[in-house]
Amino acid sequence: GVTLDSIDSEISQARATGNLIDAGSGRLVTRETLTREASILHTISTAPPVAPLATREAAAARIAAREASQGFAFLPGQRNAISASICASVQYSGIVGAAGAGKTTAIAAIIDEAHARGLQVIGLGPSQTAADGLKDAGADKCRTLASFVLRDRDPDAGPRLIVLDEAG
């Protein structure tokens with residue numbers, strides 16, 4: 001069976017071979033994870049700029065309209081996430097928060113802006129259940145990430161917004 005000693009031994013061996021790295025504050029990370037994250041950061045940092053979906057003023061108006069239609073105000077972090085996402089000239093935006101923090105609610109406002117600009121919205125998730133949650137947020141099509149990568153990508157598709165929920 002697995003014991004604490006056997007786990008400690010595996011961790012020590014992985015550290016000794018350089019496959020497990022101390023990330024500080026008592027956290028460990030694998031070399032594979034660091035390599036993958038470096039690749040993601042390279043992709044993001046070298047992507048050509050895109051036209052923002054909206055100006056800051058238009059974003060503020062969209063947020064106010066969404067708050068009025070949903071009957072409650074966004075939290076400051078949600079407002080910041082919406083504004084940063086729809087005003088960005090980068091191809092990738094990330095919204096991070098704890099479960100129940102309102103990320104999908106904020107994403108719904110971003111989807112509203114994408115629709116107002118004529119974009120199709122594709123919702124992706126690690127499972128069909130996670131992807132289907134984006135349907136409620138307004139996504140036009142929902143797929144698992146695997147099905148999108150394996151067979152549903154279309155490099156000739158028109159303008160679209162791809163939303164990946166539950167990425168962590």
# chains A, B, ... in the order shown; residues from 1 in each chain; ligands from 1

call {"tool": "select_by_dssp", "arguments": {"residues": "chain A", "states": "strand (DSSP E or B)", "output": "number ranges by chain"}}
result
A: 20-24, 27-30, 120-125, 141-144, 160-164

call {"tool": "write_last_selection", "arguments": {"atoms": "N, CA, C and O atoms", "output": "tab-separated table (two decimals), in the first residue's frame"}}
result
chain	number	residue	atom	x	y	z
A	20	LEU	N	10.80	17.55	-10.19
A	20	LEU	CA	9.92	18.26	-9.28
A	20	LEU	C	10.71	19.43	-8.73
A	20	LEU	O	11.83	19.27	-8.22
A	21	ILE	N	10.16	20.62	-8.85
A	21	ILE	CA	10.88	21.85	-8.54
A	21	ILE	C	10.14	22.60	-7.44
A	21	ILE	O	8.91	22.70	-7.46
A	22	ASP	N	10.92	23.16	-6.52
A	22	ASP	CA	10.34	23.97	-5.44
A	22	ASP	C	9.93	25.30	-6.02
A	22	ASP	O	10.74	26.06	-6.53
A	23	ALA	N	8.64	25.61	-5.95
A	23	ALA	CA	8.11	26.85	-6.49
A	23	ALA	C	7.98	27.93	-5.41
A	23	ALA	O	7.46	29.00	-5.67
A	24	GLY	N	8.46	27.65	-4.22
A	24	GLY	CA	8.38	28.60	-3.13
A	24	GLY	C	7.10	28.43	-2.33
A	24	GLY	O	6.13	27.84	-2.80
A	27	ARG	N	5.29	25.08	-2.13
A	27	ARG	CA	4.63	24.52	-3.32
A	27	ARG	C	5.66	23.84	-4.21
A	27	ARG	O	6.78	24.31	-4.36
A	28	LEU	N	5.25	22.75	-4.83
A	28	LEU	CA	6.10	22.02	-5.76
A	28	LEU	C	5.41	22.00	-7.12
A	28	LEU	O	4.19	21.99	-7.21
A	29	VAL	N	6.22	21.99	-8.17
A	29	VAL	CA	5.68	21.94	-9.53
A	29	VAL	C	6.55	21.01	-10.36
A	29	VAL	O	7.76	20.91	-10.14
A	30	THR	N	5.94	20.32	-11.30
A	30	THR	CA	6.73	19.42	-12.14
A	30	THR	C	7.38	20.21	-13.27
A	30	THR	O	6.89	21.25	-13.69
A	120	GLN	N	-19.90	34.84	-33.32
A	120	GLN	CA	-20.45	33.59	-32.83
A	120	GLN	C	-19.68	33.24	-31.57
A	120	GLN	O	-18.48	33.50	-31.48
A	121	VAL	N	-20.35	32.65	-30.58
A	121	VAL	CA	-19.69	32.29	-29.33
A	121	VAL	C	-19.72	30.78	-29.18
A	121	VAL	O	-20.78	30.16	-29.20
A	122	ILE	N	-18.55	30.21	-29.03
A	122	ILE	CA	-18.39	28.77	-28.82
A	122	ILE	C	-18.00	28.57	-27.35
A	122	ILE	O	-17.02	29.13	-26.88
A	123	GLY	N	-18.79	27.78	-26.63
A	123	GLY	CA	-18.50	27.47	-25.23
A	123	GLY	C	-17.83	26.12	-25.13
A	123	GLY	O	-18.33	25.14	-25.67
A	124	LEU	N	-16.70	26.08	-24.45
A	124	LEU	CA	-15.95	24.84	-24.28
A	124	LEU	C	-15.77	24.54	-22.80
A	124	LEU	O	-15.62	25.44	-21.98
A	125	GLY	N	-15.74	23.26	-22.47
A	125	GLY	CA	-15.49	22.83	-21.10
A	125	GLY	C	-14.82	21.47	-21.11
A	125	GLY	O	-14.85	20.76	-22.12
A	141	LYS	N	-22.90	27.66	-29.38
A	141	LYS	CA	-22.61	26.23	-29.47
A	141	LYS	C	-21.76	25.85	-28.27
A	141	LYS	O	-20.91	26.63	-27.84
A	142	CYS	N	-21.96	24.67	-27.75
A	142	CYS	CA	-21.17	24.19	-26.62
A	142	CYS	C	-20.60	22.82	-26.95
A	142	CYS	O	-21.30	21.96	-27.48
A	143	ARG	N	-19.35	22.64	-26.62
A	143	ARG	CA	-18.63	21.40	-26.91
A	143	ARG	C	-17.66	21.10	-25.77
A	143	ARG	O	-17.30	21.99	-25.01
A	144	THR	N	-17.22	19.87	-25.71
A	144	THR	CA	-16.10	19.59	-24.82
A	144	THR	C	-14.83	20.12	-25.50
A	144	THR	O	-14.78	20.23	-26.74
A	160	ARG	N	-15.34	34.95	-34.16
A	160	ARG	CA	-15.98	34.23	-33.06
A	160	ARG	C	-15.22	34.45	-31.77
A	160	ARG	O	-14.06	34.83	-31.77
A	161	LEU	N	-15.91	34.20	-30.71
A	161	LEU	CA	-15.33	34.23	-29.37
A	161	LEU	C	-15.41	32.81	-28.84
A	161	LEU	O	-16.48	32.19	-28.87
A	162	ILE	N	-14.29	32.31	-28.38
A	162	ILE	CA	-14.26	30.96	-27.81
A	162	ILE	C	-14.06	31.12	-26.30
A	162	ILE	O	-13.11	31.75	-25.88
A	163	VAL	N	-14.98	30.56	-25.54
A	163	VAL	CA	-14.94	30.67	-24.08
A	163	VAL	C	-14.70	29.28	-23.51
A	163	VAL	O	-15.44	28.35	-23.81
A	164	LEU	N	-13.66	29.17	-22.71
A	164	LEU	CA	-13.35	27.92	-22.02
A	164	LEU	C	-13.63	28.11	-20.55
A	164	LEU	O	-13.03	28.97	-19.90

call {"tool": "residues_around", "arguments": {"residues": "segment 88-90 of chain A", "least_positions_apart": "4", "cutoff": "12 Å", "atoms": "only C-alpha atoms", "output": "list in words"}}
result
Thr43, Ile44, Ser45, Thr46, Ala47, Pro48, Pro49, Val50, Ala51, Pro52, Leu53, Ala54, Thr55, Arg56, Ala59, Asn80, Ala81, Ile82, Ser83, Ala84, Gly94 and Ile110 of chain A

call {"tool": "write_last_selection", "arguments": {"atoms": "C-alpha atoms", "output": "compact mmCIF listing (two decimals), in the first residue's frame"}}
result
# COMPACT_ATOMS: atom_id res chain seq x y z
CA THR A 43 1.72 31.65 -27.44
CA ILE A 44 -0.09 34.42 -25.61
CA SER A 45 2.78 36.91 -25.74
CA THR A 46 3.45 36.42 -29.45
CA ALA A 47 -0.17 36.47 -30.65
CA PRO A 48 -0.96 39.43 -32.89
CA PRO A 49 -3.22 42.10 -31.42
CA VAL A 50 -6.93 42.15 -32.22
CA ALA A 51 -9.50 44.92 -32.26
CA PRO A 52 -11.16 45.27 -28.85
CA LEU A 53 -14.84 44.41 -28.67
CA ALA A 54 -15.58 47.76 -27.03
CA THR A 55 -14.18 51.00 -25.68
CA ARG A 56 -14.09 51.60 -21.92
CA ALA A 59 -18.02 48.53 -21.72
CA ASN A 80 -13.14 44.62 -13.84
CA ALA A 81 -13.07 41.20 -15.52
CA ILE A 82 -15.80 42.15 -17.99
CA SER A 83 -14.25 45.49 -18.85
CA ALA A 84 -10.72 44.08 -19.16
CA GLY A 94 -8.40 34.87 -18.30
CA ILE A 110 -18.84 39.34 -22.27

call {"tool": "select_by_dssp", "arguments": {"residues": "segment 98-130 of chain A", "states": "helix (DSSP H, G or I)", "output": "ChimeraX atom specification"}}
result
/A:103-116,128-130

call {"tool": "write_last_selection", "arguments": {"atoms": "N, CA and C atoms", "output": "CSV table (one decimal), in the first residue's frame"}}
result
chain,number,residue,atom,x,y,z
A,103,LYS,N,-17.9,34.0,-12.0
A,103,LYS,CA,-17.2,34.0,-13.3
A,103,LYS,C,-18.2,33.8,-14.5
A,104,THR,N,-19.0,32.8,-14.4
A,104,THR,CA,-19.9,32.5,-15.5
A,104,THR,C,-20.9,33.7,-15.7
A,105,THR,N,-21.3,34.3,-14.6
A,105,THR,CA,-22.2,35.5,-14.7
A,105,THR,C,-21.5,36.6,-15.4
A,106,ALA,N,-20.2,36.8,-15.1
A,106,ALA,CA,-19.4,37.8,-15.8
A,106,ALA,C,-19.3,37.5,-17.3
A,107,ILE,N,-19.0,36.2,-17.5
A,107,ILE,CA,-18.8,35.7,-18.9
A,107,ILE,C,-20.1,36.0,-19.7
A,108,ALA,N,-21.3,35.9,-19.1
A,108,ALA,CA,-22.5,36.2,-19.8
A,108,ALA,C,-22.5,37.6,-20.4
A,109,ALA,N,-22.0,38.6,-19.6
A,109,ALA,CA,-21.9,39.9,-20.1
A,109,ALA,C,-20.9,40.1,-21.3
A,110,ILE,N,-19.8,39.3,-21.2
A,110,ILE,CA,-18.8,39.3,-22.3
A,110,ILE,C,-19.5,38.7,-23.5
A,111,ILE,N,-20.2,37.7,-23.4
A,111,ILE,CA,-20.9,37.0,-24.5
A,111,ILE,C,-21.9,38.0,-25.1
A,112,ASP,N,-22.6,38.8,-24.3
A,112,ASP,CA,-23.6,39.8,-24.8
A,112,ASP,C,-22.8,40.7,-25.7
A,113,GLU,N,-21.6,41.2,-25.3
A,113,GLU,CA,-20.9,42.1,-26.1
A,113,GLU,C,-20.4,41.5,-27.4
A,114,ALA,N,-20.0,40.2,-27.3
A,114,ALA,CA,-19.5,39.5,-28.5
A,114,ALA,C,-20.7,39.4,-29.5
A,115,HIS,N,-21.9,39.1,-29.0
A,115,HIS,CA,-23.1,39.0,-29.9
A,115,HIS,C,-23.4,40.3,-30.5
A,116,ALA,N,-23.3,41.4,-29.7
A,116,ALA,CA,-23.6,42.7,-30.2
A,116,ALA,C,-22.6,43.1,-31.4
A,128,GLN,N,-19.0,17.8,-21.0
A,128,GLN,CA,-20.1,18.3,-21.6
A,128,GLN,C,-21.0,19.1,-20.6
A,129,THR,N,-21.0,18.7,-19.4
A,129,THR,CA,-21.8,19.4,-18.4
A,129,THR,C,-21.2,20.8,-18.2
A,130,ALA,N,-19.9,20.9,-18.1
A,130,ALA,CA,-19.2,22.2,-17.9
A,130,ALA,C,-19.5,23.1,-19.1

call {"tool": "atom_distance", "arguments": {"atom1": "atom CA of Ser39 of chain A", "atom2": "atom CA of Val96 of chain A"}}
result
19.6 Å

call {"tool": "closest_residue", "arguments": {"among": "A:Asp154, A:Leu134, A:Ile86, A:Ser25", "to": "Glu57 of chain A", "atoms": "only C-alpha atoms"}}
result
A:Ile86

call {"tool": "atom_distance", "arguments": {"atom1": "atom CA of Leu75 of chain A", "atom2": "atom CA of Cys87 of chain A"}}
result
18.2 Å
